[in-house]
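Source file: entry-v8.cif; contents: mmCIF, C-alpha atoms.
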```
data_work
loop_
_atom_site.label_atom_id
_atom_site.label_comp_id
_atom_site.auth_asym_id
_atom_site.auth_seq_id
_atom_site.Cartn_x
_atom_site.Cartn_y
_atom_site.Cartn_z
CA MET C 141 87.73 73.07 149.26
CA ASN C 142 88.58 76.53 150.52
CA ARG C 143 86.31 79.43 149.69
CA ILE C 144 88.31 81.98 147.69
CA ILE C 145 87.20 85.41 146.46
CA THR C 146 89.03 86.76 143.42
CA ILE C 147 88.85 90.44 142.52
CA SER C 148 89.67 91.50 138.97
CA ARG C 149 89.58 95.23 138.53
CA GLU C 150 90.05 98.08 136.16
CA PHE C 151 92.94 100.32 137.15
CA GLY C 152 91.76 102.99 139.60
CA SER C 153 88.32 101.45 140.17
CA GLY C 154 88.90 100.76 143.86
CA GLY C 155 88.97 96.98 143.44
CA ARG C 156 91.98 96.62 145.70
CA THR C 157 90.34 98.69 148.43
CA ILE C 158 87.16 96.60 148.12
CA GLY C 159 89.20 93.39 148.32
CA ARG C 160 90.95 94.54 151.52
CA ARG C 161 87.69 95.62 153.14
CA VAL C 162 85.93 92.37 152.26
CA ALA C 163 88.83 90.40 153.74
CA ASP C 164 88.74 92.54 156.91
CA GLU C 165 84.99 91.98 157.28
CA LEU C 166 85.40 88.22 156.85
CA CYS C 167 88.60 88.01 158.93
CA ILE C 168 90.45 86.23 156.14
CA PRO C 169 93.72 87.30 154.44
CA CYS C 170 93.80 89.48 151.34
CA TYR C 171 96.67 88.81 148.92
CA ASP C 172 97.77 91.58 146.64
CA SER C 173 101.33 92.89 146.98
CA GLU C 174 102.10 89.77 149.07
CA ILE C 175 101.76 87.74 145.89
CA ILE C 176 104.50 89.79 144.26
CA GLU C 177 106.85 89.10 147.20
CA LYS C 178 106.21 85.38 146.90
CA ILE C 179 106.73 85.41 143.14
CA VAL C 180 110.09 87.13 143.73
CA VAL C 181 111.13 84.16 145.84
CA GLU C 182 109.68 81.59 143.44
CA SER C 183 111.01 83.05 140.19
CA GLY C 184 114.14 84.93 141.20
CA PHE C 185 112.99 87.94 139.16
CA ALA C 186 113.17 91.48 140.54
CA LYS C 187 110.08 92.86 142.24
CA GLU C 188 109.88 95.85 139.89
CA TYR C 189 109.95 93.59 136.86
CA ILE C 190 107.14 91.41 138.20
CA GLN C 191 105.00 94.42 139.04
CA ALA C 192 105.55 95.80 135.57
CA THR C 193 104.26 92.69 133.79
CA GLU C 194 100.65 93.06 134.91
CA GLU C 195 100.51 96.81 134.71
CA SER C 196 102.59 97.45 131.64
CA TYR C 197 102.34 94.30 129.63
CA SER C 198 104.28 94.80 126.43
CA THR C 199 102.35 94.02 123.30
CA GLY C 200 105.69 93.67 121.52
CA TYR C 201 106.13 90.50 123.55
CA LEU C 202 103.35 88.84 121.62
CA PHE C 203 105.57 88.83 118.57
CA SER C 204 108.84 87.88 120.25
CA ARG C 205 107.63 84.75 122.02
CA GLN C 206 108.06 82.51 118.99
CA PHE C 207 111.77 82.26 119.90
CA GLY C 208 111.22 79.98 122.91
CA PRO C 209 109.88 80.47 126.43
CA ALA C 210 110.06 84.11 127.41
CA ASN C 211 110.67 85.53 130.88
CA GLU C 212 106.93 86.24 130.97
CA ASP C 213 106.18 82.53 130.64
CA ILE C 214 108.57 81.63 133.44
CA LEU C 215 106.94 84.35 135.52
CA TRP C 216 103.45 83.08 134.69
CA ASN C 217 104.35 79.61 135.93
CA ALA C 218 105.77 81.03 139.17
CA GLN C 219 102.65 83.16 139.63
CA ARG C 220 100.42 80.17 139.00
CA LYS C 221 102.30 78.10 141.58
CA VAL C 222 102.18 80.86 144.22
CA ILE C 223 98.44 81.45 143.73
CA MET C 224 97.61 77.76 143.86
CA GLU C 225 99.62 77.35 147.05
CA LEU C 226 97.88 80.33 148.69
CA ALA C 227 94.50 78.85 147.79
CA GLU C 228 95.51 75.60 149.49
CA GLU C 229 96.29 77.40 152.74
CA GLY C 230 92.74 78.55 153.48
CA PRO C 231 89.94 80.95 152.56
CA CYS C 232 91.23 84.30 151.24
CA VAL C 233 90.73 87.23 148.88
CA ILE C 234 93.11 87.46 145.91
CA VAL C 235 93.34 90.70 143.95
CA GLY C 236 94.35 90.61 140.28
CA ARG C 237 96.97 88.46 138.55
CA CYS C 238 94.39 86.23 136.78
CA ALA C 239 93.68 84.30 139.99
CA ASP C 240 90.10 83.66 138.80
CA PHE C 241 91.47 81.85 135.77
CA ILE C 242 94.28 80.04 137.58
CA LEU C 243 91.95 78.67 140.27
CA ARG C 244 88.89 78.00 138.11
CA ASP C 245 88.94 74.23 138.65
CA LYS C 246 90.79 74.12 141.95
CA ALA C 247 88.78 76.10 144.48
CA ASP C 248 85.32 77.12 145.61
CA LEU C 249 85.50 80.49 143.88
CA LEU C 250 83.53 83.70 143.97
CA THR C 251 84.84 85.74 141.02
CA CYS C 252 84.29 89.50 141.01
CA PHE C 253 85.05 92.24 138.49
CA ILE C 254 85.12 95.89 139.58
CA HIS C 255 84.82 98.66 137.01
CA ALA C 256 84.04 102.38 136.78
CA SER C 257 84.06 105.17 134.22
CA GLU C 258 87.38 106.53 132.98
CA GLU C 259 86.62 109.93 134.54
CA PHE C 260 85.98 108.44 137.97
CA ARG C 261 89.13 106.37 137.82
CA ALA C 262 91.25 109.25 136.56
CA ASN C 263 90.10 111.42 139.49
CA ARG C 264 90.64 108.57 141.89
CA ILE C 265 94.25 107.83 140.88
CA VAL C 266 95.10 111.49 141.33
CA GLU C 267 93.32 111.81 144.70
CA GLU C 268 94.02 108.44 146.29
CA TYR C 269 97.34 107.39 144.84
CA GLY C 270 98.76 110.87 144.40
CA GLU C 271 99.54 110.16 140.76
CA ARG C 272 100.95 113.25 139.09
CA GLU C 273 100.44 112.44 135.44
CA ASP C 274 99.60 115.34 133.16
CA SER C 275 96.91 113.22 131.58
CA PRO C 276 95.43 110.65 133.97
CA ILE C 277 92.81 109.63 131.39
CA LYS C 278 95.56 108.73 128.93
CA ARG C 279 97.30 106.71 131.64
CA ILE C 280 94.03 104.89 132.44
CA LYS C 281 93.46 104.02 128.79
CA GLU C 282 97.01 102.74 128.41
CA LYS C 283 96.76 100.60 131.57
CA ASP C 284 93.36 99.24 130.49
CA LYS C 285 94.74 98.24 127.13
CA ARG C 286 97.76 96.46 128.55
CA ARG C 287 95.88 94.72 131.35
CA ALA C 288 93.29 93.48 128.83
CA ALA C 289 96.06 92.22 126.51
CA TYR C 290 97.78 90.45 129.40
CA HIS C 291 94.55 88.86 130.55
CA ARG C 292 93.46 87.75 127.13
CA PHE C 293 96.86 86.33 126.23
CA TYR C 294 96.95 84.02 129.23
CA THR C 295 93.28 83.18 129.69
CA ASP C 296 91.72 83.44 126.21
CA ASP C 297 88.83 85.17 128.01
CA LYS C 298 87.63 88.58 127.03
CA TRP C 299 88.53 91.09 129.74
CA GLY C 300 85.46 92.71 131.26
CA ALA C 301 82.87 90.39 129.67
CA ALA C 302 80.15 89.85 132.29
CA LYS C 303 79.90 86.13 131.57
CA ASN C 304 83.43 85.50 132.88
CA TYR C 305 82.55 86.55 136.44
CA ASP C 306 79.99 85.60 139.07
CA ILE C 307 79.43 89.27 139.79
CA CYS C 308 80.48 92.57 138.18
CA LEU C 309 80.04 95.85 140.03
CA ASP C 310 80.35 99.50 139.04
CA SER C 311 82.18 101.00 142.02
CA GLU C 312 81.35 104.53 140.93
CA ARG C 313 77.60 104.02 140.63
CA LEU C 314 77.20 101.70 143.62
CA GLY C 315 79.98 103.00 145.88
CA ILE C 316 82.93 101.20 147.46
CA GLU C 317 80.97 100.47 150.64
CA SER C 318 78.03 98.92 148.85
CA CYS C 319 80.33 96.75 146.69
CA THR C 320 82.10 95.56 149.84
CA LYS C 321 78.79 94.65 151.48
CA ILE C 322 77.48 92.72 148.48
CA ILE C 323 80.63 90.62 148.09
CA THR C 324 80.81 89.97 151.84
CA SER C 325 77.17 88.85 151.91
CA LEU C 326 77.73 86.46 148.99
CA TYR C 327 80.68 84.84 150.71
CA SER C 328 78.91 84.05 153.90
CA LYS C 329 75.64 82.82 152.46
CA MET B 284 63.23 111.44 139.48
CA ASN B 285 61.72 108.01 139.88
CA ARG B 286 63.94 105.12 140.82
CA ILE B 287 63.81 102.56 138.02
CA ILE B 288 65.44 99.12 137.89
CA THR B 289 66.16 97.74 134.44
CA ILE B 290 66.89 94.06 133.93
CA SER B 291 68.68 92.96 130.77
CA ARG B 292 69.05 89.22 130.56
CA GLU B 293 70.30 86.36 128.50
CA PHE B 294 67.50 84.12 127.28
CA GLY B 295 66.69 81.47 129.89
CA SER B 296 68.84 83.03 132.63
CA GLY B 297 65.89 83.73 134.95
CA GLY B 298 66.15 87.52 134.56
CA ARG B 299 62.41 87.89 134.18
CA THR B 300 61.76 85.84 137.31
CA ILE B 301 64.32 87.93 139.22
CA GLY B 302 62.68 91.14 137.97
CA ARG B 303 59.23 90.02 139.14
CA ARG B 304 60.53 88.94 142.54
CA VAL B 305 62.43 92.20 143.07
CA ALA B 306 59.29 94.17 142.18
CA ASP B 307 57.20 92.04 144.58
CA GLU B 308 59.71 92.63 147.39
CA LEU B 309 59.71 96.37 146.78
CA CYS B 310 55.94 96.59 146.14
CA ILE B 311 56.48 98.35 142.81
CA PRO B 312 55.23 97.27 139.37
CA CYS B 313 57.29 95.06 137.03
CA TYR B 314 56.81 95.71 133.31
CA ASP B 315 57.54 92.92 130.91
CA SER B 316 54.69 91.61 128.75
CA GLU B 317 52.71 94.72 129.76
CA ILE B 318 55.13 96.74 127.64
CA ILE B 319 54.22 94.67 124.60
CA GLU B 320 50.50 95.38 125.15
CA LYS B 321 51.20 99.10 125.34
CA ILE B 322 53.37 99.03 122.23
CA VAL B 323 50.50 97.29 120.41
CA VAL B 324 48.28 100.28 121.23
CA GLU B 325 50.99 102.83 120.41
CA SER B 326 52.21 101.33 117.15
CA GLY B 327 49.22 99.44 115.79
CA PHE B 328 51.44 96.42 115.09
CA ALA B 329 50.35 92.90 116.03
CA LYS B 330 51.48 91.55 119.38
CA GLU B 331 53.20 88.53 117.82
CA TYR B 332 55.20 90.77 115.51
CA ILE B 333 56.37 92.98 118.39
CA GLN B 334 57.35 89.98 120.48
CA ALA B 335 59.31 88.58 117.57
CA THR B 336 61.48 91.68 117.11
CA GLU B 337 63.38 91.35 120.37
CA GLU B 338 63.59 87.57 120.35
CA SER B 339 64.17 86.90 116.70
CA TYR B 340 65.71 90.04 115.35
CA SER B 341 66.46 89.51 111.69
CA THR B 342 70.01 90.26 110.71
CA GLY B 343 68.76 90.58 107.13
CA TYR B 344 67.08 93.76 108.26
CA LEU B 345 70.42 95.44 108.75
CA PHE B 346 70.87 95.37 104.99
CA SER B 347 67.33 96.29 103.99
CA ARG B 348 67.01 99.47 106.06
CA GLN B 349 68.75 101.67 103.53
CA PHE B 350 65.43 101.89 101.66
CA GLY B 351 63.73 104.17 104.21
CA PRO B 352 62.39 103.75 107.73
CA ALA B 353 61.55 100.13 108.39
CA ASN B 354 58.77 98.75 110.56
CA GLU B 355 61.45 98.07 113.15
CA ASP B 356 62.24 101.78 113.38
CA ILE B 357 58.60 102.71 113.82
CA LEU B 358 58.37 100.01 116.48
CA TRP B 359 61.52 101.30 118.21
CA ASN B 360 60.02 104.78 118.48
CA ALA B 361 56.77 103.39 119.92
CA GLN B 362 58.76 101.27 122.40
CA ARG B 363 60.82 104.27 123.41
CA LYS B 364 57.69 106.34 124.01
CA VAL B 365 56.00 103.59 126.06
CA ILE B 366 59.06 103.02 128.24
CA MET B 367 59.59 106.72 128.87
CA GLU B 368 55.94 107.12 129.86
CA LEU B 369 56.12 104.17 132.25
CA ALA B 370 59.21 105.67 133.87
CA GLU B 371 57.32 108.92 134.41
CA GLU B 372 54.54 107.13 136.30
CA GLY B 373 56.65 106.00 139.25
CA PRO B 374 59.32 103.60 140.49
CA CYS B 375 59.24 100.25 138.69
CA VAL B 376 61.20 97.31 137.30
CA ILE B 377 61.47 97.05 133.51
CA VAL B 378 62.62 93.79 131.93
CA GLY B 379 64.37 93.85 128.55
CA ARG B 380 63.62 95.99 125.48
CA CYS B 381 66.72 98.21 125.91
CA ALA B 382 65.07 100.16 128.74
CA ASP B 383 68.51 100.79 130.28
CA PHE B 384 69.59 102.58 127.13
CA ILE B 385 66.29 104.40 126.53
CA LEU B 386 66.17 105.78 130.09
CA ARG B 387 69.89 106.43 130.55
CA ASP B 388 69.50 110.21 130.91
CA LYS B 389 65.90 110.33 132.06
CA ALA B 390 65.66 108.40 135.32
CA ASP B 391 67.45 107.39 138.49
CA LEU B 392 68.46 104.02 137.12
CA LEU B 393 69.84 100.80 138.55
CA THR B 394 70.87 98.75 135.51
CA CYS B 395 71.27 94.99 135.90
CA PHE B 396 72.41 92.24 133.55
CA ILE B 397 71.60 88.60 134.34
CA HIS B 398 73.55 85.80 132.67
CA ALA B 399 74.27 82.08 133.06
CA SER B 400 75.98 79.28 131.18
CA GLU B 401 74.38 77.89 128.04
CA GLU B 402 73.88 74.50 129.71
CA PHE B 403 72.03 76.01 132.67
CA ARG B 404 69.81 78.08 130.41
CA ALA B 405 69.10 75.17 128.07
CA ASN B 406 67.97 73.02 131.00
CA ARG B 407 65.94 75.89 132.39
CA ILE B 408 63.97 76.61 129.21
CA VAL B 409 63.04 72.95 128.97
CA GLU B 410 62.08 72.65 132.65
CA GLU B 411 60.49 76.03 133.32
CA TYR B 412 59.01 77.05 130.00
CA GLY B 413 58.26 73.54 128.76
CA GLU B 414 60.18 74.23 125.56
CA ARG B 415 60.30 71.12 123.42
CA GLU B 416 63.12 71.92 121.07
CA ASP B 417 65.27 69.02 119.93
CA SER B 418 68.33 71.14 120.59
CA PRO B 419 67.78 73.75 123.33
CA ILE B 420 71.47 74.75 123.20
CA LYS B 421 71.13 75.60 119.53
CA ARG B 422 68.01 77.64 120.32
CA ILE B 423 69.87 79.49 123.11
CA LYS B 424 72.76 80.32 120.79
CA GLU B 425 70.42 81.61 118.11
CA LYS B 426 68.48 83.75 120.59
CA ASP B 427 71.70 85.13 122.10
CA LYS B 428 72.96 86.08 118.67
CA ARG B 429 69.79 87.88 117.67
CA ARG B 430 69.30 89.65 120.98
CA ALA B 431 72.89 90.88 120.88
CA ALA B 432 72.44 92.11 117.29
CA TYR B 433 69.21 93.92 118.23
CA HIS B 434 70.82 95.51 121.27
CA ARG B 435 73.93 96.60 119.46
CA PHE B 436 72.05 98.00 116.50
CA TYR B 437 69.96 100.35 118.61
CA THR B 438 72.36 101.18 121.44
CA ASP B 439 75.86 100.88 119.93
CA ASP B 440 76.79 99.19 123.23
CA LYS B 441 78.31 95.76 123.35
CA TRP B 442 75.78 93.27 124.73
CA GLY B 443 77.00 91.69 127.96
CA ALA B 444 79.99 93.99 128.54
CA ALA B 445 80.22 94.58 132.30
CA LYS B 446 80.92 98.29 131.90
CA ASN B 447 77.43 98.93 130.48
CA TYR B 448 75.67 97.92 133.70
CA ASP B 449 75.75 98.89 137.36
CA ILE B 450 75.66 95.22 138.29
CA CYS B 451 75.98 91.90 136.43
CA LEU B 452 75.03 88.64 138.10
CA ASP B 453 75.47 84.98 137.21
CA SER B 454 72.09 83.51 138.15
CA GLU B 455 73.43 79.96 137.93
CA ARG B 456 76.39 80.49 140.25
CA LEU B 457 74.68 82.82 142.71
CA GLY B 458 71.10 81.52 142.50
CA ILE B 459 67.85 83.33 141.64
CA GLU B 460 67.14 84.08 145.30
CA SER B 461 70.51 85.63 145.97
CA CYS B 462 70.30 87.78 142.81
CA THR B 463 66.87 88.99 143.92
CA LYS B 464 68.19 89.92 147.37
CA ILE B 465 71.19 91.84 146.03
CA ILE B 466 69.15 93.93 143.60
CA THR B 467 66.49 94.60 146.23
CA SER B 468 69.12 95.74 148.73
CA LEU B 469 70.69 98.11 146.19
CA TYR B 470 67.36 99.73 145.43
CA SER B 471 66.52 100.54 149.00
CA LYS B 472 69.93 101.75 150.09
#
```

Could you spell out this file's structure in structure tokens?
Amino acid sequence: MNRIITISREFGSGGRTIGRRVADELCIPCYDSEIIEKIVVESGFAKEYIQATEESYSTGYLFSRQFGPANEDILWNAQRKVIMELAEEGPCVIVGRCADFILRDKADLLTCFIHASEEFRANRIVEEYGEREDSPIKRIKEKDKRRAAYHRFYTDDKWGAAKNYDICLDSERLGIESCTKIITSLYSK
Amino acid sequence: MNRIITISREFGSGGRTIGRRVADELCIPCYDSEIIEKIVVESGFAKEYIQATEESYSTGYLFSRQFGPANEDILWNAQRKVIMELAEEGPCVIVGRCADFILRDKADLLTCFIHASEEFRANRIVEEYGEREDSPIKRIKEKDKRRAAYHRFYTDDKWGAAKNYDICLDSERLGIESCTKIITSLYSK
């Protein structure tokens, strides 16, 4: 079974950066936006729509799904297929998109959760991503809420509960570099 | 400010063992049962009673406390005083007793949470501690519930939420040795 590292992360915590650095250190691929491209092919949905589902999951959807399979369900199945195929190909890092849940019985997993304070993340999205929101804290809160709803709807797990991950790291308190080192060391042991 | 490592842990997860090993590696003291002895002196309460408060916190107490300060409050103040004094003395590891919360503004903290599956912990309490319960899983669940209630009552934090700790580790998945190494490396960085 291939060794896979999954990175779940709060928006703006630096989880994606950590995932890329870990993959670089280990000379294995890191899948993040690549997953979106593959889901486009698999599902036929537009890239922007797929991106929006994880980041801006509509809570209204929870009420509308009683009328048969929704686009989100079709998308979930495509995402599941893409992630399982990637995991078959070889060791890798997968960022986001519930990969920890999708692969839980199918791979030799190391599941990580990266978090940080709202203030740290708000500063980071402005500095690193050049976000120009008037209120980055409000944007963080909104993204947190929707990502948690998305995660809970599909996995039944509570987002951010320590027991759902092998390791949880505060990227603000420990630093991006230290988080990268710890995850890298756990992979190669 | 002294560098202090606090270890919060699920019952049977090996958090205490990890705390002792980290302290041995770093040649600093580890406070666990020693705290109880000091609280005995500070509060005048019996050792058995003090031990029982963290492990077997009575939920009935939550309803009775409206009739004035309870023994538990007196004990909490003694515990707070003891832990703050220990933190003044020098770098150390402190296991349990909400030290992470008590010291949050007073020390250079590294806060850790150690968890593992119920099955792992049930096996461990039978093998390591020689517990002879008919149903170790039931005992684990009961202890979890009471420890979480105790923690939440005094700290208002949700027990086991990743965001409350610098690092959370699954001692079953990663192993006691690996957890010890990670925490040790974070201290000395």

**OP:** With a distance threshold of 10 Å and counting all atoms listed in the file, extract the residues of chain B near chain C and express them as a ChimeraX atom specification.
**Re:** /B:392-400,441-457,461-462,464-466,468-469,472

Subject >> Which of C:Phe241, C:Phe260, C:Phe185, C:Trp216 sits closest to Ser148 in chain C [using all atoms listed in the file] >> reply: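 Ranked by minimum distance to Ser148 in chain C, first place goes to C:Phe241.
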
Original post:
Mind telling me what the PyMOL selection byres ((chain C and resi 154) around 9) catches here, as a ChimeraX atom specification?
Top reply: /C:149-153,155-159,254-256,261,264,311-312,316

For the selection you just gave me, I'd like the residues written to a file as an mmCIF file, in the coordinates of the input, keeping C-alpha atoms.
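Output saved as out37.cif:
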```cif
data_model
loop_
_atom_site.group_PDB
_atom_site.id
_atom_site.type_symbol
_atom_site.label_atom_id
_atom_site.label_comp_id
_atom_site.auth_asym_id
_atom_site.auth_seq_id
_atom_site.Cartn_x
_atom_site.Cartn_y
_atom_site.Cartn_z
ATOM 1 C CA ARG C 149 89.580 95.230 138.530
ATOM 2 C CA GLU C 150 90.050 98.080 136.160
ATOM 3 C CA PHE C 151 92.940 100.320 137.150
ATOM 4 C CA GLY C 152 91.760 102.990 139.600
ATOM 5 C CA SER C 153 88.320 101.450 140.170
ATOM 6 C CA GLY C 155 88.970 96.980 143.440
ATOM 7 C CA ARG C 156 91.980 96.620 145.700
ATOM 8 C CA THR C 157 90.340 98.690 148.430
ATOM 9 C CA ILE C 158 87.160 96.600 148.120
ATOM 10 C CA GLY C 159 89.200 93.390 148.320
ATOM 11 C CA ILE C 254 85.120 95.890 139.580
ATOM 12 C CA HIS C 255 84.820 98.660 137.010
ATOM 13 C CA ALA C 256 84.040 102.380 136.780
ATOM 14 C CA ARG C 261 89.130 106.370 137.820
ATOM 15 C CA ARG C 264 90.640 108.570 141.890
ATOM 16 C CA SER C 311 82.180 101.000 142.020
ATOM 17 C CA GLU C 312 81.350 104.530 140.930
ATOM 18 C CA ILE C 316 82.930 101.200 147.460
#
```

**OP:** List the neighbours of Gln362 in chain B out to 10 Å using only C-alpha atoms; skip same-chain residues closer than 3 positions along the sequence, and give me the result as a count of residues only.
**Re:** 20

Original post:
Between B:Glu460, B:Lys330, B:Cys313, B:Asp307, which has the minimum distance to Val376 in chain B (counting all atoms listed in the file)?
Top reply: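 Distance minimum relative to Val376 in chain B lands on B:Cys313.
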
Subject >> Expected selection from the PyMOL selection byres ((chain B and resi 311) around 9), given as a VMD selection string >> reply: chain B and resid 305 to 310 312 to 313 373 to 376

Subject >> Length of the CA of Arg292 in chain C to CA of Asn211 in chain C vector [Å] >> reply: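 Pair CA of Arg292 in chain C / CA of Asn211 in chain C returns 17.8 Å.
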
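The gap separating CA of Gln334 in chain B from CA of Arg387 in chain B is 23.0 Å, in Å to one decimal.
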
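Straight-line separation from CA of Glu258 in chain C to CA of Gly270 in chain C: 16.7 Å.
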
**OP:** Return the single residue from C:Asp172, C:Gly315, C:Arg287, C:Ala218 that is closest to Gly184 in chain C, with distances computed using all atoms listed in the file.
**Re:** C:Ala218

Subject >> Answer key for the PyMOL selection byres ((chain B and resi 420-428) around 9), residues as a list of chain:residue names >> reply: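 That expression, the PyMOL selection byres ((chain B and resi 420-428) around 9), corresponds here to B:Glu293, B:Phe294, B:Gly295, B:Glu338, B:Ser339, B:Tyr340, B:Glu401, B:Glu402, B:Arg404, B:Ala405, B:Asn406, B:Ile408, B:Glu416, B:Asp417, B:Ser418, B:Pro419, B:Arg429, B:Arg430, B:Ala431, B:Ala432, B:Tyr433.
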
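Among the candidates B:His434, B:Asp440, B:Asn285, B:Arg304, the one nearest to Gly379 in chain B when counting all atoms listed in the file is B:His434.
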
Range 149-172 of chain C rebuilt with N, CA and C atoms, output as a compact mmCIF listing (two decimals), keeping the file's coordinate frame:
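Saved as out12.txt:
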```txt
# COMPACT_ATOMS: atom_id res chain seq x y z
N ARG C 149 90.03 93.84 138.47
CA ARG C 149 89.58 95.23 138.53
C ARG C 149 90.25 96.10 137.49
N GLU C 150 89.47 97.06 137.02
CA GLU C 150 90.05 98.08 136.16
C GLU C 150 90.94 98.97 137.02
N PHE C 151 92.00 99.47 136.42
CA PHE C 151 92.94 100.32 137.15
C PHE C 151 92.23 101.57 137.69
N GLY C 152 92.36 101.79 138.99
CA GLY C 152 91.76 102.99 139.60
C GLY C 152 90.31 102.84 140.03
N SER C 153 89.74 101.63 139.86
CA SER C 153 88.32 101.45 140.17
C SER C 153 88.05 101.24 141.65
N GLY C 154 89.10 101.01 142.43
CA GLY C 154 88.90 100.76 143.86
C GLY C 154 88.78 99.29 144.19
N GLY C 155 89.08 98.43 143.22
CA GLY C 155 88.97 96.98 143.44
C GLY C 155 89.86 96.47 144.57
N ARG C 156 91.06 97.05 144.65
CA ARG C 156 91.98 96.62 145.70
C ARG C 156 91.47 97.02 147.08
N THR C 157 90.93 98.23 147.17
CA THR C 157 90.34 98.69 148.43
C THR C 157 89.17 97.79 148.82
N ILE C 158 88.32 97.47 147.85
CA ILE C 158 87.16 96.60 148.12
C ILE C 158 87.64 95.23 148.60
N GLY C 159 88.65 94.68 147.93
CA GLY C 159 89.20 93.39 148.32
C GLY C 159 89.69 93.38 149.76
N ARG C 160 90.41 94.45 150.14
CA ARG C 160 90.95 94.54 151.52
C ARG C 160 89.81 94.65 152.54
N ARG C 161 88.81 95.44 152.19
CA ARG C 161 87.69 95.62 153.14
C ARG C 161 86.88 94.34 153.31
N VAL C 162 86.66 93.64 152.19
CA VAL C 162 85.93 92.37 152.26
C VAL C 162 86.69 91.39 153.16
N ALA C 163 88.00 91.31 152.95
CA ALA C 163 88.83 90.40 153.74
C ALA C 163 88.78 90.78 155.23
N ASP C 164 88.83 92.07 155.52
CA ASP C 164 88.74 92.54 156.91
C ASP C 164 87.42 92.12 157.53
N GLU C 165 86.34 92.33 156.79
CA GLU C 165 84.99 91.98 157.28
C GLU C 165 84.90 90.48 157.59
N LEU C 166 85.52 89.68 156.73
CA LEU C 166 85.40 88.22 156.85
C LEU C 166 86.52 87.61 157.70
N CYS C 167 87.44 88.48 158.15
CA CYS C 167 88.60 88.01 158.93
C CYS C 167 89.38 86.92 158.20
N ILE C 168 89.61 87.14 156.93
CA ILE C 168 90.45 86.23 156.14
C ILE C 168 91.54 87.09 155.48
N PRO C 169 92.67 86.47 155.05
CA PRO C 169 93.72 87.30 154.44
C PRO C 169 93.35 87.80 153.04
N CYS C 170 93.92 88.96 152.69
CA CYS C 170 93.80 89.48 151.34
C CYS C 170 95.19 89.51 150.72
N TYR C 171 95.36 88.84 149.58
CA TYR C 171 96.67 88.81 148.92
C TYR C 171 96.69 89.72 147.71
N ASP C 172 97.64 90.63 147.73
CA ASP C 172 97.77 91.58 146.64
C ASP C 172 99.27 91.77 146.42
```
